[in-house]
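Data first, discussion second: the structure below is written as structure tokens.
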Amino acid sequence: MEIKVLIDVEVNSHKERVKYVLRNFSLAYKVDLIFVDSLDEVSSDDLLLLYGKDFKRGDNVIFIKRSEQAVEIFERGKAYDEVYDIATIHFVNLSPPLVPENLEGFSLPIFFKAGEPVFEFEDVCVINFDLPSCAFYFLSSWDERVKNRRDSLGRFPDEENLLVKLGVASFPVVNFYFYILKFLIERKGLIISERKWEGKDFAVCLTHDVDVLKKWSAFGIYNEVMNKFIMGREDIQERRERFAKFLYLFSKGFDPYREGMKKILEFEKSFGIKSTFFLKSGGKSRYDARYKWDKFMNDFVNELINSNFEIGLHPSFDSFDKVELMEEEKMRLENFTGLKIQGVRQHYLRYDFGKTPLIHSELGFKYDSTLGFNLRYGFRCGYMFPYKIYDVWNNVELGIYEIPIVFMDSVYQYGRSSAEVGDILSEILKLVKVAKCFGGVITVLFHNSVYDEFDFKGWDFIYEEFVKFALNEGAFVGSCSEVLGLFENE
């Protein structure tokens, strides 16, 4: 049985949006979809997925009702909450088989409604809300395209994301939409196999940004003496003990950030897993710490290469909208490592949808892994599979994949959170369980500061326990390139 798809909409730009969403659905579940232009191309033996306004009854038809409201929103280039009150968004409590059993009771946000009831699947299969448009809204990061609000660093504020406003950012909402569509297709007799990752149930992209190569730089020493010891707010005895420890380790040539890099590598090798290290090769702003490519760095990079770990580019603070600057930094890192650099993650997660992905594509990167929240964990794009960035203004799919960040340690650090170690670990383990439910991918970021007992105590425990838990739950844990390769080929 073949699945034919007929998109009945006169606005060509919207037709391309729907195709983009359904292509991502087909990649997530490895389902072949055949797009047709008329019912004449559909036989009685075919399963028809019909998106449009007018319902066609049939045993082999799944009808998704089109919302004129959705077409208007996208064509006008407006955010949903700029035009409508978000109170108009309905929440539907889902039960299996419309949702994985372990997520029973999840309240799915439904907007762009086009009829009642929301689902019909007894005599006919009908979805009375514009599922592809809902998925496109999040998958395209539509809010970030049309809203002008930015924080002090030029980034899109987390709180302006519609998923955050609806309180569902910690769940991959687009995957819930896709799961419903998968269920309806299977109800019509076509079995869809769960995706596997080298035989594993789900995947974890394990990544590390090396923002600062040395804790005891000139600034680090000044900070330790003046801010932590002389001007510190802690009890004098605590400050004395910390200062004594600093003097001892510094005199021995022990730097927590460099030792952290070695410990991360040793720990992951002990489990037979690999990760991606995003390294810098430039930067002159006050937000960039300069590397010293000394013997330690040469030896460390050689060990990464010899152990088949991945090295990606972590461009400088100012590079996200400057093609020449990023190209220079990419070439410098490639010359230093002797590698063709495939992946990139922007420093401070600075990203401009109108420029950054176009630069990445022009410079030949295969994937980016920047799109995560700045101040919380969760699914900024509502999705937990790699996907290609969509140019919403030209209505074309770009060549660059996005592998979104779901969790990064710095969200909780630098005084941003008072959460205890156990609570943080509990939150990240929940993400593992959600990924397992959908057979998806979560990307996590642990900096090379996780073994720093001075300022990041307990993060070594969180990092190590997370890795062990993911492996015990049946995850494939690997680098971004490894996971992307499995996504494309397995």
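By order of appearance in the structure tokens: chains A, B, ..., then residues from 1 within every chain, and ligands from 1 in the order shown.
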**OP:** Within stretch 80-293 of chain A, find each residue whose DSSP state, derived from the backbone, is strand (DSSP E), and express the selection as a ChimeraX atom specification.
**Re:** /A:90-93,107-110,119-120,125-127,202-209,276-279
Next, the residues of the selection above should be written as a PDB file, in the first residue's frame with N, CA and C atoms.
ATOM      1  N   HIS A  90      -6.695  25.688  22.399  1.00  0.00           N
ATOM      2  CA  HIS A  90      -7.311  24.629  23.189  1.00  0.00           C
ATOM      3  C   HIS A  90      -6.254  23.598  23.590  1.00  0.00           C
ATOM      4  N   PHE A  91      -6.511  22.932  24.696  1.00  0.00           N
ATOM      5  CA  PHE A  91      -5.652  21.833  25.130  1.00  0.00           C
ATOM      6  C   PHE A  91      -6.485  20.555  25.161  1.00  0.00           C
ATOM      7  N   VAL A  92      -5.963  19.511  24.529  1.00  0.00           N
ATOM      8  CA  VAL A  92      -6.660  18.235  24.451  1.00  0.00           C
ATOM      9  C   VAL A  92      -5.866  17.195  25.231  1.00  0.00           C
ATOM     10  N   ASN A  93      -6.488  16.587  26.236  1.00  0.00           N
ATOM     11  CA  ASN A  93      -5.835  15.527  27.003  1.00  0.00           C
ATOM     12  C   ASN A  93      -5.797  14.253  26.166  1.00  0.00           C
ATOM     13  N   SER A 107      -1.486  17.198  27.823  1.00  0.00           N
ATOM     14  CA  SER A 107      -2.408  18.162  27.238  1.00  0.00           C
ATOM     15  C   SER A 107      -1.744  18.816  26.031  1.00  0.00           C
ATOM     16  N   LEU A 108      -2.215  18.450  24.859  1.00  0.00           N
ATOM     17  CA  LEU A 108      -1.620  18.923  23.610  1.00  0.00           C
ATOM     18  C   LEU A 108      -2.273  20.233  23.180  1.00  0.00           C
ATOM     19  N   PRO A 109      -1.476  21.271  22.925  1.00  0.00           N
ATOM     20  CA  PRO A 109      -2.062  22.526  22.434  1.00  0.00           C
ATOM     21  C   PRO A 109      -2.560  22.373  21.004  1.00  0.00           C
ATOM     22  N   ILE A 110      -3.817  22.732  20.810  1.00  0.00           N
ATOM     23  CA  ILE A 110      -4.461  22.656  19.505  1.00  0.00           C
ATOM     24  C   ILE A 110      -4.880  24.061  19.091  1.00  0.00           C
ATOM     25  N   PHE A 119     -10.772  15.004  16.797  1.00  0.00           N
ATOM     26  CA  PHE A 119     -10.413  13.778  16.081  1.00  0.00           C
ATOM     27  C   PHE A 119     -11.669  12.957  15.816  1.00  0.00           C
ATOM     28  N   GLU A 120     -11.711  12.368  14.642  1.00  0.00           N
ATOM     29  CA  GLU A 120     -12.718  11.363  14.324  1.00  0.00           C
ATOM     30  C   GLU A 120     -11.985  10.172  13.708  1.00  0.00           C
ATOM     31  N   CYS A 125     -11.540   8.779   9.217  1.00  0.00           N
ATOM     32  CA  CYS A 125     -10.362   9.355   9.875  1.00  0.00           C
ATOM     33  C   CYS A 125     -10.274  10.829   9.514  1.00  0.00           C
ATOM     34  N   VAL A 126     -10.577  11.674  10.504  1.00  0.00           N
ATOM     35  CA  VAL A 126     -10.581  13.107  10.265  1.00  0.00           C
ATOM     36  C   VAL A 126      -9.844  13.811  11.397  1.00  0.00           C
ATOM     37  N   ILE A 127      -8.978  14.744  11.034  1.00  0.00           N
ATOM     38  CA  ILE A 127      -8.327  15.629  12.008  1.00  0.00           C
ATOM     39  C   ILE A 127      -8.885  17.020  11.763  1.00  0.00           C
ATOM     40  N   PHE A 202      16.662   4.969  21.199  1.00  0.00           N
ATOM     41  CA  PHE A 202      16.686   6.417  20.981  1.00  0.00           C
ATOM     42  C   PHE A 202      18.135   6.869  21.005  1.00  0.00           C
ATOM     43  N   ALA A 203      18.359   8.167  20.811  1.00  0.00           N
ATOM     44  CA  ALA A 203      19.736   8.638  20.680  1.00  0.00           C
ATOM     45  C   ALA A 203      19.986   9.882  21.514  1.00  0.00           C
ATOM     46  N   VAL A 204      21.233  10.021  21.947  1.00  0.00           N
ATOM     47  CA  VAL A 204      21.695  11.198  22.678  1.00  0.00           C
ATOM     48  C   VAL A 204      22.914  11.749  21.965  1.00  0.00           C
ATOM     49  N   CYS A 205      22.830  13.020  21.556  1.00  0.00           N
ATOM     50  CA  CYS A 205      24.014  13.725  21.062  1.00  0.00           C
ATOM     51  C   CYS A 205      24.717  14.336  22.266  1.00  0.00           C
ATOM     52  N   LEU A 206      25.905  13.873  22.556  1.00  0.00           N
ATOM     53  CA  LEU A 206      26.668  14.331  23.710  1.00  0.00           C
ATOM     54  C   LEU A 206      27.675  15.366  23.232  1.00  0.00           C
ATOM     55  N   THR A 207      27.563  16.599  23.743  1.00  0.00           N
ATOM     56  CA  THR A 207      28.402  17.682  23.232  1.00  0.00           C
ATOM     57  C   THR A 207      29.032  18.494  24.358  1.00  0.00           C
ATOM     58  N   HIS A 208      30.149  19.136  24.013  1.00  0.00           N
ATOM     59  CA  HIS A 208      30.891  19.959  24.969  1.00  0.00           C
ATOM     60  C   HIS A 208      31.404  21.217  24.268  1.00  0.00           C
ATOM     61  N   ASP A 209      31.032  22.373  24.781  1.00  0.00           N
ATOM     62  CA  ASP A 209      31.586  23.634  24.291  1.00  0.00           C
ATOM     63  C   ASP A 209      32.777  24.023  25.163  1.00  0.00           C
ATOM     64  N   THR A 276      30.966  15.259  20.714  1.00  0.00           N
ATOM     65  CA  THR A 276      31.440  16.367  19.889  1.00  0.00           C
ATOM     66  C   THR A 276      31.977  17.469  20.781  1.00  0.00           C
ATOM     67  N   PHE A 277      33.201  17.894  20.526  1.00  0.00           N
ATOM     68  CA  PHE A 277      33.799  19.044  21.204  1.00  0.00           C
ATOM     69  C   PHE A 277      33.769  20.224  20.242  1.00  0.00           C
ATOM     70  N   PHE A 278      33.065  21.283  20.612  1.00  0.00           N
ATOM     71  CA  PHE A 278      33.036  22.494  19.811  1.00  0.00           C
ATOM     72  C   PHE A 278      34.144  23.422  20.306  1.00  0.00           C
ATOM     73  N   LEU A 279      35.124  23.669  19.425  1.00  0.00           N
ATOM     74  CA  LEU A 279      36.314  24.434  19.782  1.00  0.00           C
ATOM     75  C   LEU A 279      36.342  25.781  19.074  1.00  0.00           C
TER      76      LEU A 279
END
**OP:** Check stretch 374-464 of chain A with DSSP on the backbone and list each residue it calls alpha helix (DSSP H), as JSON, numbers by chain.
**Re:** {"A": [421, 422, 423, 424, 425, 426, 427, 428, 429, 430, 431, 432, 433, 434, 435, 436, 437, 438, 459, 460, 461, 462, 463, 464]}
Original post:
Could you work out how far atom CA of A:Leu98 lies from atom CA of A:Glu186, giving the answer in Å with one decimal?
Top reply: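 These atoms are spaced 11.2 Å apart.
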**OP:** Would you kindly return, as number ranges by chain, each protein, DNA or RNA residue with an atom no farther than 9 Å from any atom of A:Ile7, considering only C-alpha atoms and excluding same-chain residues fewer than 6 positions away?
**Re:** A: 15, 18-19, 35-38, 49-52
Selection file, N, CA and C atoms, as a JSON list (two decimals), in the first residue's frame:
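Done, and the output landed in result_0.json:
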[["chain", "number", "residue", "atom", "x", "y", "z"],
["A", 15, "LYS", "N", 1.36, 25.59, 0.39],
["A", 15, "LYS", "CA", 1.53, 24.20, -0.04],
["A", 15, "LYS", "C", 2.95, 23.72, 0.26],
["A", 18, "VAL", "N", 3.34, 22.92, 3.99],
["A", 18, "VAL", "CA", 2.75, 21.62, 4.35],
["A", 18, "VAL", "C", 3.66, 20.49, 3.88],
["A", 19, "LYS", "N", 4.20, 20.61, 2.68],
["A", 19, "LYS", "CA", 5.13, 19.59, 2.17],
["A", 19, "LYS", "C", 6.34, 19.45, 3.09],
["A", 35, "PHE", "N", 3.71, 12.65, -3.23],
["A", 35, "PHE", "CA", 2.88, 13.84, -3.41],
["A", 35, "PHE", "C", 2.27, 13.83, -4.80],
["A", 36, "VAL", "N", 0.96, 14.04, -4.86],
["A", 36, "VAL", "CA", 0.25, 14.05, -6.14],
["A", 36, "VAL", "C", -0.49, 15.37, -6.30],
["A", 37, "ASP", "N", -0.91, 15.64, -7.56],
["A", 37, "ASP", "CA", -1.57, 16.91, -7.86],
["A", 37, "ASP", "C", -3.08, 16.79, -8.02],
["A", 38, "SER", "N", -3.58, 15.55, -8.13],
["A", 38, "SER", "CA", -5.02, 15.38, -8.29],
["A", 38, "SER", "C", -5.43, 13.99, -7.84],
["A", 49, "LEU", "N", -3.67, 10.61, 1.98],
["A", 49, "LEU", "CA", -3.58, 11.63, 3.02],
["A", 49, "LEU", "C", -3.99, 12.94, 2.36],
["A", 50, "LEU", "N", -5.18, 13.44, 2.72],
["A", 50, "LEU", "CA", -5.75, 14.59, 2.05],
["A", 50, "LEU", "C", -5.77, 15.79, 2.98],
["A", 51, "TYR", "N", -5.10, 16.85, 2.58],
["A", 51, "TYR", "CA", -5.10, 18.11, 3.33],
["A", 51, "TYR", "C", -5.89, 19.13, 2.53],
["A", 52, "GLY", "N", -6.98, 19.63, 3.10],
["A", 52, "GLY", "CA", -7.77, 20.59, 2.35],
["A", 52, "GLY", "C", -9.00, 21.04, 3.11]]
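With only C-alpha atoms as the atoms that count, the residue of A:Tyr179, A:Tyr401, A:Phe129, A:Phe487 with the shortest distance to A:Tyr387 is A:Tyr401.
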**OP:** Within 12 Å of A:Arg187, counting only C-alpha atoms, which residues show up once you throw out same-chain ones fewer than 2 positions away? Write them as a VMD selection string, please.
**Re:** chain A and resid 47 59 to 62 97 to 98 121 to 125 180 to 185 189 to 192
Original post:
How many Å lie between atom CA of A:Val225 and atom CA of A:Gly283, rounded to one decimal?
Top reply: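 Computed distance, atom CA of A:Val225 to atom CA of A:Gly283, equals 26.3 Å.
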**OP:** Go through A:Glu427, A:Glu104, A:Asp40, A:Asp318 and flag the residue nearest A:Tyr287, using only C-alpha atoms for the distances.
**Re:**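 Counting only C-alpha atoms, the residue closest to A:Tyr287 is A:Asp318.
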Original post:
Quick one: of A:Glu194, A:Glu159, A:Glu75, A:Glu327, who's nearest to A:Val31, counting only C-alpha atoms?
Top reply: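 Checking each of A:Glu194, A:Glu159, A:Glu75, A:Glu327 against A:Val31, counting only C-alpha atoms, the winner is A:Glu194.
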**OP:** May I have the residues within 9 Å of stretch 299-304 of chain A as a PyMOL selection string, using only C-alpha atoms and disregarding those fewer than 4 positions away in the same chain?
**Re:** chain A and resi 261-262+265+277+294-295+308-311+337
Original post:
Got a sec: who's within 10 Å of A:Arg17, counting only C-alpha atoms, leaving out chain neighbours fewer than 3 positions off, as a list of chain:residue names?
Top reply: A:Asn12, A:Ser13, A:His14, A:Tyr20, A:Val21, A:Leu22, A:Arg23, A:Val71, A:Phe74, A:Pro132, A:Ser133, A:Ala135, A:Phe136, A:Tyr137, A:Ser140, A:Tyr390, A:Val392, A:Asn395, A:Val396, A:Glu397
Subject >> Residue contacts of A:Asp460 (10 Å, only C-alpha atoms) excluding same-chain residues fewer than 4 positions away, as a list in words >> reply: Gly260, Lys263, Ile264, Phe446, Ser449, Val450, Tyr451, Asp452, Glu453, Phe456, Glu464, Glu465 and Phe466 of chain A
Original post:
So how far away is atom CA of A:Phe178 from atom CA of A:Asp45, in Å?
Top reply: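 Atom-to-atom, atom CA of A:Asp45 and atom CA of A:Phe178 are spaced 23.5 Å apart.
Distance annotation: of A:Asp409, A:Asp455, A:Glu266, A:Glu259, the residue with the minimal separation from A:Ser307 is A:Glu266; atom set is only C-alpha atoms.
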Original post:
When distances are computed from only C-alpha atoms, which of A:Phe156, A:Met331, A:Glu68, A:Glu224 shows the smallest separation from A:Leu247?
Top reply: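 Checking each of A:Phe156, A:Met331, A:Glu68, A:Glu224 against A:Leu247, counting only C-alpha atoms, the winner is A:Glu224.
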